[in-house]
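Q: protein11.txt is the file, holding compact mmCIF, C-alpha atoms and all ligand atoms:
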```txt
# COMPACT_ATOMS: atom_id res chain seq x y z
CA MET A 1 -30.38 118.79 213.15
CA THR A 2 -27.23 118.55 215.23
CA GLY A 3 -24.59 116.71 213.29
CA VAL A 4 -20.86 116.62 212.79
CA GLN A 5 -19.06 119.97 212.78
CA GLU A 6 -15.78 119.23 211.07
CA LEU A 7 -13.42 116.67 209.63
CA ALA A 8 -11.06 116.57 212.61
CA TYR A 9 -8.45 113.97 211.59
CA VAL A 10 -7.75 110.99 209.38
CA VAL A 11 -5.78 107.80 210.00
CA TYR A 12 -3.72 106.39 207.15
CA GLN A 13 -2.18 102.92 207.19
CA VAL A 14 0.95 103.05 205.05
CA GLY A 15 3.66 100.68 203.85
CA ASP A 16 6.64 103.03 204.18
CA LEU A 17 6.77 105.29 207.22
CA ALA A 18 10.02 107.01 206.20
CA ASP A 19 8.63 108.00 202.79
CA TRP A 20 5.48 109.34 204.45
CA GLU A 21 7.42 111.39 206.99
CA HIS A 22 9.47 112.95 204.20
CA PHE A 23 6.31 113.55 202.16
CA GLY A 24 4.34 115.13 205.01
CA VAL A 25 7.05 117.19 206.69
CA THR A 26 9.55 118.09 203.99
CA LEU A 27 7.32 118.27 200.91
CA LEU A 28 3.93 119.38 202.31
CA GLY A 29 5.31 121.45 205.21
CA MET A 30 3.45 119.71 208.02
CA GLN A 31 4.91 119.40 211.50
CA LEU A 32 5.85 116.06 213.03
CA GLY A 33 3.57 115.69 216.05
CA GLU A 34 4.82 112.66 217.91
CA ARG A 35 6.20 109.21 217.26
CA THR A 36 3.86 106.42 218.29
CA ALA A 37 4.33 102.68 218.75
CA ASP A 38 3.38 102.02 215.12
CA GLY A 39 4.05 105.30 213.32
CA PHE A 40 3.80 109.04 213.85
CA THR A 41 1.37 111.95 213.74
CA LEU A 42 1.37 115.09 211.64
CA ARG A 43 0.14 118.53 212.61
CA THR A 44 -1.15 121.38 210.46
CA ASP A 45 -2.27 123.69 213.28
CA GLU A 46 -2.50 123.98 217.06
CA LYS A 47 -4.24 120.60 217.36
CA ALA A 48 -2.32 117.54 218.58
CA HIS A 49 -2.64 115.95 215.13
CA ARG A 50 -4.59 116.04 211.88
CA TRP A 51 -3.05 113.00 210.18
CA ILE A 52 -2.24 109.84 212.13
CA VAL A 53 0.12 107.66 210.09
CA THR A 54 0.43 103.99 211.06
CA GLU A 55 2.43 101.17 209.51
CA GLY A 56 0.54 98.40 207.73
CA PRO A 57 -0.41 96.84 204.43
CA ALA A 58 -3.52 98.88 203.48
CA ASP A 59 -1.71 101.93 202.00
CA ASP A 60 -5.04 103.70 202.31
CA LEU A 61 -7.39 105.70 204.52
CA VAL A 62 -8.43 103.54 207.48
CA VAL A 63 -10.33 105.98 209.74
CA SER A 64 -12.02 109.37 209.31
CA GLY A 65 -12.53 111.33 212.54
CA TYR A 66 -15.41 113.82 212.61
CA GLN A 67 -15.91 116.13 215.59
CA VAL A 68 -19.27 117.02 217.11
CA ALA A 69 -19.92 119.99 219.39
CA SER A 70 -20.44 118.31 222.77
CA GLY A 71 -21.08 115.11 224.67
CA GLU A 72 -24.82 115.78 224.45
CA ALA A 73 -24.57 116.23 220.68
CA LEU A 74 -22.60 112.97 220.44
CA ASP A 75 -25.26 111.17 222.50
CA ALA A 76 -27.99 112.53 220.21
CA LEU A 77 -26.06 111.56 217.09
CA ALA A 78 -25.30 108.06 218.41
CA GLY A 79 -28.98 107.66 219.31
CA ARG A 80 -30.04 108.70 215.81
CA LEU A 81 -27.60 106.22 214.22
CA THR A 82 -28.72 103.40 216.52
CA ALA A 83 -32.40 104.12 215.78
CA ALA A 84 -31.60 103.88 212.06
CA GLY A 85 -30.03 100.46 212.56
CA VAL A 86 -26.39 101.55 212.29
CA PRO A 87 -24.21 99.68 214.82
CA VAL A 88 -22.53 102.16 217.19
CA THR A 89 -19.62 101.17 219.44
CA GLU A 90 -18.23 103.26 222.31
CA GLY A 91 -14.52 103.66 221.59
CA GLY A 92 -13.20 103.37 225.13
CA ALA A 93 -10.67 105.38 227.12
CA GLU A 94 -7.53 103.87 225.59
CA LEU A 95 -8.51 104.66 221.99
CA ALA A 96 -9.80 108.11 222.99
CA ALA A 97 -6.44 108.83 224.63
CA ALA A 98 -4.54 107.69 221.52
CA ARG A 99 -6.69 109.94 219.34
CA ARG A 100 -6.26 112.80 221.86
CA VAL A 101 -10.04 113.28 222.16
CA GLU A 102 -12.41 113.44 225.13
CA ARG A 103 -14.79 110.81 223.81
CA LEU A 104 -15.16 108.69 220.72
CA VAL A 105 -17.75 106.38 219.17
CA GLN A 106 -17.16 104.15 216.16
CA VAL A 107 -19.47 103.60 213.19
CA THR A 108 -18.99 102.41 209.61
CA ASP A 109 -20.36 104.16 206.52
CA PRO A 110 -22.22 102.27 203.75
CA MET A 111 -18.98 101.86 201.75
CA GLY A 112 -17.31 100.20 204.75
CA ASN A 113 -15.21 103.23 205.74
CA PRO A 114 -14.59 103.27 209.51
CA ILE A 115 -15.64 106.55 211.13
CA GLU A 116 -14.88 107.93 214.58
CA LEU A 117 -17.31 110.54 215.95
CA VAL A 118 -15.45 112.51 218.59
CA THR A 119 -15.56 115.41 221.00
CA GLY A 120 -12.71 117.60 222.23
CA LEU A 121 -9.72 117.00 219.95
CA ALA A 122 -6.88 118.30 222.15
CA ASP A 123 -4.39 121.04 221.37
CA ALA A 124 -0.70 120.13 221.21
CA ALA A 125 1.60 121.23 224.02
CA THR A 126 3.51 123.54 221.68
CA PRO A 127 2.42 126.11 219.05
CA PHE A 128 2.29 124.96 215.42
CA ARG A 129 5.50 125.53 213.52
CA SER A 130 6.41 124.67 209.95
CA ASP A 131 9.95 125.00 208.64
CA ALA A 132 8.62 125.13 205.06
CA LEU A 133 5.60 127.44 205.06
CA LEU A 134 5.55 131.23 204.73
CA GLY A 135 1.94 131.29 205.96
CA SER A 136 -0.10 128.60 207.66
CA PHE A 137 -2.62 125.89 206.89
CA VAL A 138 -6.31 126.88 206.78
CA THR A 139 -8.17 124.91 209.47
CA GLY A 140 -10.22 126.46 212.32
CA THR A 141 -13.99 126.12 211.93
CA GLY A 142 -13.40 124.49 208.53
CA GLY A 143 -11.61 121.53 210.09
CA ALA A 144 -8.52 119.75 208.79
CA GLY A 145 -9.41 120.02 205.10
CA HIS A 146 -11.53 117.91 202.76
CA GLN A 147 -11.38 114.43 201.35
CA VAL A 148 -12.88 112.73 198.32
CA LEU A 149 -13.95 109.13 198.83
CA LEU A 150 -14.92 106.46 196.33
CA SER A 151 -18.51 105.29 196.39
CA LYS A 152 -17.47 101.73 195.41
CA GLY A 153 -20.76 100.95 193.68
CA VAL A 154 -22.93 101.98 196.64
CA GLU A 155 -26.01 103.89 195.45
CA ARG A 156 -25.95 107.64 196.09
CA ALA A 157 -29.28 107.49 197.93
CA GLU A 158 -27.80 104.96 200.35
CA TYR A 159 -24.68 106.92 201.30
CA LEU A 160 -26.61 110.22 201.38
CA ALA A 161 -29.07 108.65 203.83
CA PHE A 162 -26.06 108.10 206.09
CA TYR A 163 -24.02 111.28 205.54
CA GLU A 164 -26.87 113.74 204.99
CA GLY A 165 -29.71 112.05 206.85
CA LEU A 166 -27.82 110.85 209.93
CA LEU A 167 -24.48 112.70 210.23
CA GLY A 168 -26.08 116.02 209.24
CA PHE A 169 -24.00 117.01 206.19
CA ARG A 170 -25.58 119.43 203.69
CA ILE A 171 -25.22 119.11 199.92
CA SER A 172 -22.97 121.82 198.42
CA ASP A 173 -23.27 120.94 194.73
CA LEU A 174 -22.76 118.23 192.16
CA ILE A 175 -20.48 117.96 189.15
CA VAL A 176 -21.35 115.71 186.23
CA GLU A 177 -18.80 115.94 183.42
CA GLU A 178 -18.87 113.87 180.25
CA LEU A 179 -15.24 112.80 179.95
CA ALA A 180 -15.81 110.82 176.75
CA PRO A 181 -18.98 109.94 174.87
CA GLY A 182 -21.13 108.06 177.39
CA VAL A 183 -18.44 108.19 180.13
CA HIS A 184 -19.29 110.54 183.02
CA ALA A 185 -17.49 111.70 186.15
CA ASP A 186 -20.25 112.19 188.72
CA LEU A 187 -19.34 113.72 192.10
CA ILE A 188 -21.38 115.10 194.99
CA PHE A 189 -19.89 117.54 197.51
CA LEU A 190 -21.04 117.82 201.14
CA HIS A 191 -20.34 120.43 203.83
CA CYS A 192 -20.75 120.55 207.61
CA ASN A 193 -19.24 124.02 208.22
CA PRO A 194 -18.41 127.03 205.99
CA ARG A 195 -15.71 125.12 204.05
CA HIS A 196 -17.26 124.36 200.64
CA HIS A 197 -16.95 120.64 201.28
CA SER A 198 -15.45 118.45 203.96
CA VAL A 199 -16.21 115.26 202.06
CA ALA A 200 -17.17 114.41 198.48
CA PHE A 201 -18.03 111.13 196.79
CA GLY A 202 -17.34 109.93 193.28
CA ASP A 203 -18.00 106.69 191.47
CA MET A 204 -14.86 106.68 189.32
CA PRO A 205 -12.79 103.51 189.21
CA HIS A 206 -9.98 103.82 191.79
CA PRO A 207 -8.20 101.13 193.80
CA LYS A 208 -8.23 103.06 197.11
CA ARG A 209 -11.00 104.14 199.51
CA THR A 210 -9.87 107.76 199.15
CA HIS A 211 -8.99 109.69 196.01
CA HIS A 212 -7.36 112.61 197.80
CA PHE A 213 -7.10 114.74 200.92
CA MET A 214 -7.01 118.50 200.46
CA VAL A 215 -4.87 120.74 202.63
CA GLU A 216 -5.32 124.50 202.16
CA VAL A 217 -2.76 127.22 202.82
CA THR A 218 -3.22 130.91 203.60
CA ASP A 219 -0.45 132.16 201.29
CA ILE A 220 -0.63 131.44 197.55
CA ARG A 221 3.18 131.42 197.46
CA ASP A 222 3.10 128.28 199.60
CA VAL A 223 1.25 126.44 196.79
CA GLY A 224 4.05 127.32 194.40
CA ARG A 225 6.78 126.48 196.91
CA ALA A 226 5.18 123.10 197.72
CA HIS A 227 4.86 122.50 193.97
CA ASP A 228 8.60 123.15 193.61
CA ARG A 229 9.52 120.92 196.56
CA CYS A 230 7.46 118.03 195.15
CA MET A 231 8.90 118.53 191.66
CA ASP A 232 12.49 118.76 192.92
CA ALA A 233 11.98 115.57 194.94
CA GLY A 234 10.55 113.72 191.93
CA GLN A 235 7.27 113.04 193.74
CA PRO A 236 4.76 111.87 191.10
CA PHE A 237 2.06 114.41 190.26
CA GLU A 238 -1.59 113.47 189.74
CA MET A 239 -2.66 116.78 188.16
CA THR A 240 -0.97 120.05 187.26
CA LEU A 241 -1.91 123.42 188.77
CA GLY A 242 -5.52 124.34 188.11
CA MET A 243 -8.78 125.50 189.64
CA HIS A 244 -12.13 123.91 190.43
CA PRO A 245 -15.33 125.71 189.36
CA ASN A 246 -17.31 124.86 192.50
CA ASP A 247 -15.01 125.59 195.45
CA HIS A 248 -12.68 127.89 193.44
CA MET A 249 -9.65 126.07 194.89
CA PHE A 250 -6.37 126.93 193.16
CA SER A 251 -4.38 123.74 193.58
CA PHE A 252 -2.21 120.93 192.32
CA TYR A 253 -2.46 117.22 193.03
CA VAL A 254 0.54 115.15 194.08
CA ARG A 255 0.56 111.44 194.82
CA THR A 256 1.27 110.25 198.34
CA PRO A 257 3.74 107.38 198.80
CA SER A 258 0.65 105.14 199.09
CA GLY A 259 -0.72 106.03 195.64
CA PHE A 260 -3.75 108.16 196.49
CA SER A 261 -3.27 111.92 196.25
CA VAL A 262 -3.04 115.16 198.18
CA GLU A 263 -4.59 118.32 196.78
CA TYR A 264 -2.52 121.32 197.86
CA GLY A 265 -4.71 124.38 197.57
CA TRP A 266 -5.36 128.04 198.23
CA GLY A 267 -8.39 130.32 198.09
CA GLY A 268 -11.22 127.87 198.76
CA LEU A 269 -14.78 129.19 198.76
CA LEU A 270 -16.78 129.43 201.99
CA ILE A 271 -20.50 128.65 202.09
CA ASP A 272 -23.25 130.58 203.88
CA ASP A 273 -26.12 128.13 204.36
CA ALA A 274 -28.62 131.01 204.56
CA THR A 275 -28.09 131.98 200.94
CA TRP A 276 -26.44 128.95 199.29
CA GLN A 277 -28.14 127.40 196.27
CA VAL A 278 -27.34 123.82 195.28
CA THR A 279 -26.41 123.56 191.59
CA THR A 280 -25.07 120.92 189.21
CA LEU A 281 -21.96 121.95 187.28
CA ASP A 282 -20.78 120.30 184.08
CA ARG A 283 -17.00 120.40 184.54
CA LEU A 284 -14.55 119.38 187.24
CA HIS A 285 -11.92 122.00 186.39
CA SER A 286 -12.23 125.67 185.41
CA TRP A 287 -8.74 125.49 183.93
CA GLY A 288 -5.61 123.40 184.40
CA HIS A 289 -5.48 120.20 186.48
CA ARG A 290 -4.12 118.47 183.39
CA PRO A 291 -2.49 115.05 183.46
CA PRO A 292 1.27 115.48 184.04
CA GLU A 293 2.01 113.24 181.07
CA LEU A 294 0.69 116.02 178.84
CA VAL A 295 3.14 118.55 180.28
CA HIS A 296 5.96 116.05 180.07
CA GLU A 297 5.23 115.48 176.40
CA LEU A 298 4.98 119.20 175.63
CA LEU A 299 8.16 120.13 177.50
CA GLY A 300 9.98 117.19 175.96
CA ARG A 301 9.09 118.52 172.53
CA ALA A 302 10.39 122.05 173.18
CA PRO A 303 13.74 122.84 171.49
CA ARG A 304 16.60 122.74 174.00
CA THR A 305 18.71 125.59 172.66
CA ASN A 306 19.85 129.01 173.81
CA HIS A 307 19.77 130.33 170.26
CA LEU A 308 16.74 131.87 168.63
CA PRO A 309 16.27 131.02 164.95
CA GLY A 310 18.35 133.39 162.81
CA SER A 311 20.66 134.44 165.70
CA GLU A 312 23.52 132.09 164.83
CA HIS A 313 25.89 134.89 163.84
FE FE B 401 -10.41 118.34 196.39
```
What would the structure in this file look like if it were written as structure tokens?
A:
Amino acid sequence: MTGVQELAYVVYQVGDLADWEHFGVTLLGMQLGERTADGFTLRTDEKAHRWIVTEGPADDLVVSGYQVASGEALDALAGRLTAAGVPVTEGGAELAAARRVERLVQVTDPMGNPIELVTGLADAATPFRSDALLGSFVTGTGGAGHQVLLSKGVERAEYLAFYEGLLGFRISDLIVEELAPGVHADLIFLHCNPRHHSVAFGDMPHPKRTHHFMVEVTDIRDVGRAHDRCMDAGQPFEMTLGMHPNDHMFSFYVRTPSGFSVEYGWGGLLIDDATWQVTTLDRLHSWGHRPPELVHELLGRAPRTNHLPGSEH
């Protein structure tokens, strides 16, 4: 089944553009793409943009852009959605130009998340350049990264019918972890290219539509350097450094100025559909990814002295 090929871009509507520019460019190491009438764009590779940041009250994800291979593939996908009763709207030339794509159609997922299905996301006029990174961001056939969305009480069968049955995602794996007696985190991870997942869904309570967006870097030192930049800037952390057991991502989680998070990672697993087996894992983290409050408490307890016991004289 021809479906989407990659998560091409996201649109965030944010309350404070200056904070977001500082967060994206200075802390994460992205490149400012261009200033628009209501915000700016951010680049992580040769493409014109990967994040489109606009000013507004949502402080949340407002559009996810998924690329398909061709106009014919987009026609087939739109036809499949229409036949299933999903309203499909042609985006028009003005919106396509703003998104820097050849063509665009709009649909909405069962949680109410607006989606743009696109062809031909354009390259920028200049090569990608980051003043902060030693290496580069991992994109290419794996797309811009991955995002975790909240299922907002929608049944898994209903959103899988849309994402798996219509958009063509494949299930990577599931994680069900008992966080406390009778309290479970339950996530499902979906891929549409070799990246372990481009989108995942969880039913945890969360005020936003998105829990986090993951950007991956080629050089493990860039995870540490981004960690330092965020810490030095006092940007609130969501989780400490750690690793996931399913996609093997070595990462930390830092909060965006809008309250949801960015996962900054290295070393993500790639999937070969010919041999991949879907499994259910019982833990979200192989190690680390602890709440920052825990570290704060532990460090706060450590003795602040240059003297070892018994070395006073
Ligand atoms: Fe993630």
Q: Pick the closest to ligand FE 401 (chain B) from A:Glu34, A:Asp232, A:Asp247, A:Asp16: which is it, counting all atoms listed in the file?
A: A:Asp247
Q: Give me, as JSON, numbers by chain, all polymer residues having an atom no more than 8 Å from segment 187-196 of chain A, counting all atoms listed in the file and skipping those fewer than 4 positions away in the same chain.
A: {"A": [3, 4, 5, 6, 141, 142, 168, 169, 170, 171, 172, 173, 174, 175, 176, 200, 201, 202, 203, 247, 268, 269, 270, 271, 272, 273]}
Q: Compile the contact shell of Gly165 of chain A as a PyMOL selection string: residues with an atom at most 10 Å away, counting only C-alpha atoms, same-chain residues fewer than 2 positions apart removed.
A: chain A and resi 1+3+80-81+84+158-163+167-170
Q: Nearest residue to Ser286 of chain A out of A:Ala58, A:Met249, A:Val107, A:Met243, using only C-alpha atoms?
A: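 Checking each of A:Ala58, A:Met249, A:Val107, A:Met243 against Ser286 of chain A, counting only C-alpha atoms, the winner is A:Met243.
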Q: Residues within 8 Å of ligand FE 401 (chain B) (all atoms listed in the file), as a ChimeraX atom specification?
A: /A:146-148,212-214,249,263
Q: Atom CA of Ala185 of chain A and atom CA of Pro245 of chain A, how far apart in Å?
A: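 Atom CA of Pro245 of chain A sits 14.5 Å away from atom CA of Ala185 of chain A.
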Q: Set the distance at 10 Å and use only C-alpha atoms: which residues neighbour Glu177 of chain A once local chain neighbours fewer than 6 positions away are removed? I'd like the list as a ChimeraX atom specification.
A: /A:183-187,280-285
Q: Report the distance between atom CA of His49 of chain A and atom CA of Leu32 of chain A in Å, rounded to one decimal place.
A: 8.7 Å
Q: Just checking: using all atoms listed in the file, which residue out of A:Thr240, A:Gln13, A:Thr2, A:Thr82 ends up closest to Pro257 of chain A?
A: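 Going through A:Thr240, A:Gln13, A:Thr2, A:Thr82 one by one, the smallest distance to Pro257 of chain A is for A:Gln13.
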Q: Work out how far apart atom CA of Asp219 of chain A and atom CA of Ser136 of chain A are and give it in Å to one decimal.
A: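 These two atoms are separated by 7.3 Å.
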Q: Name the closest residue to Gln106 of chain A among the candidates A:Glu90, A:Asp228, A:Glu155, A:Glu178; distances are taken between atoms, counting all atoms listed in the file.
A: A:Glu90
Q: Counting only C-alpha atoms, select every polymer residue within 7 Å of (7.6, 104.7, 209.2) as defined in the file's coordinates, and provide the selection as a list in words.
A: Asp16, Leu17, Ala18, Trp20, Gly39 and Glu55 of chain A
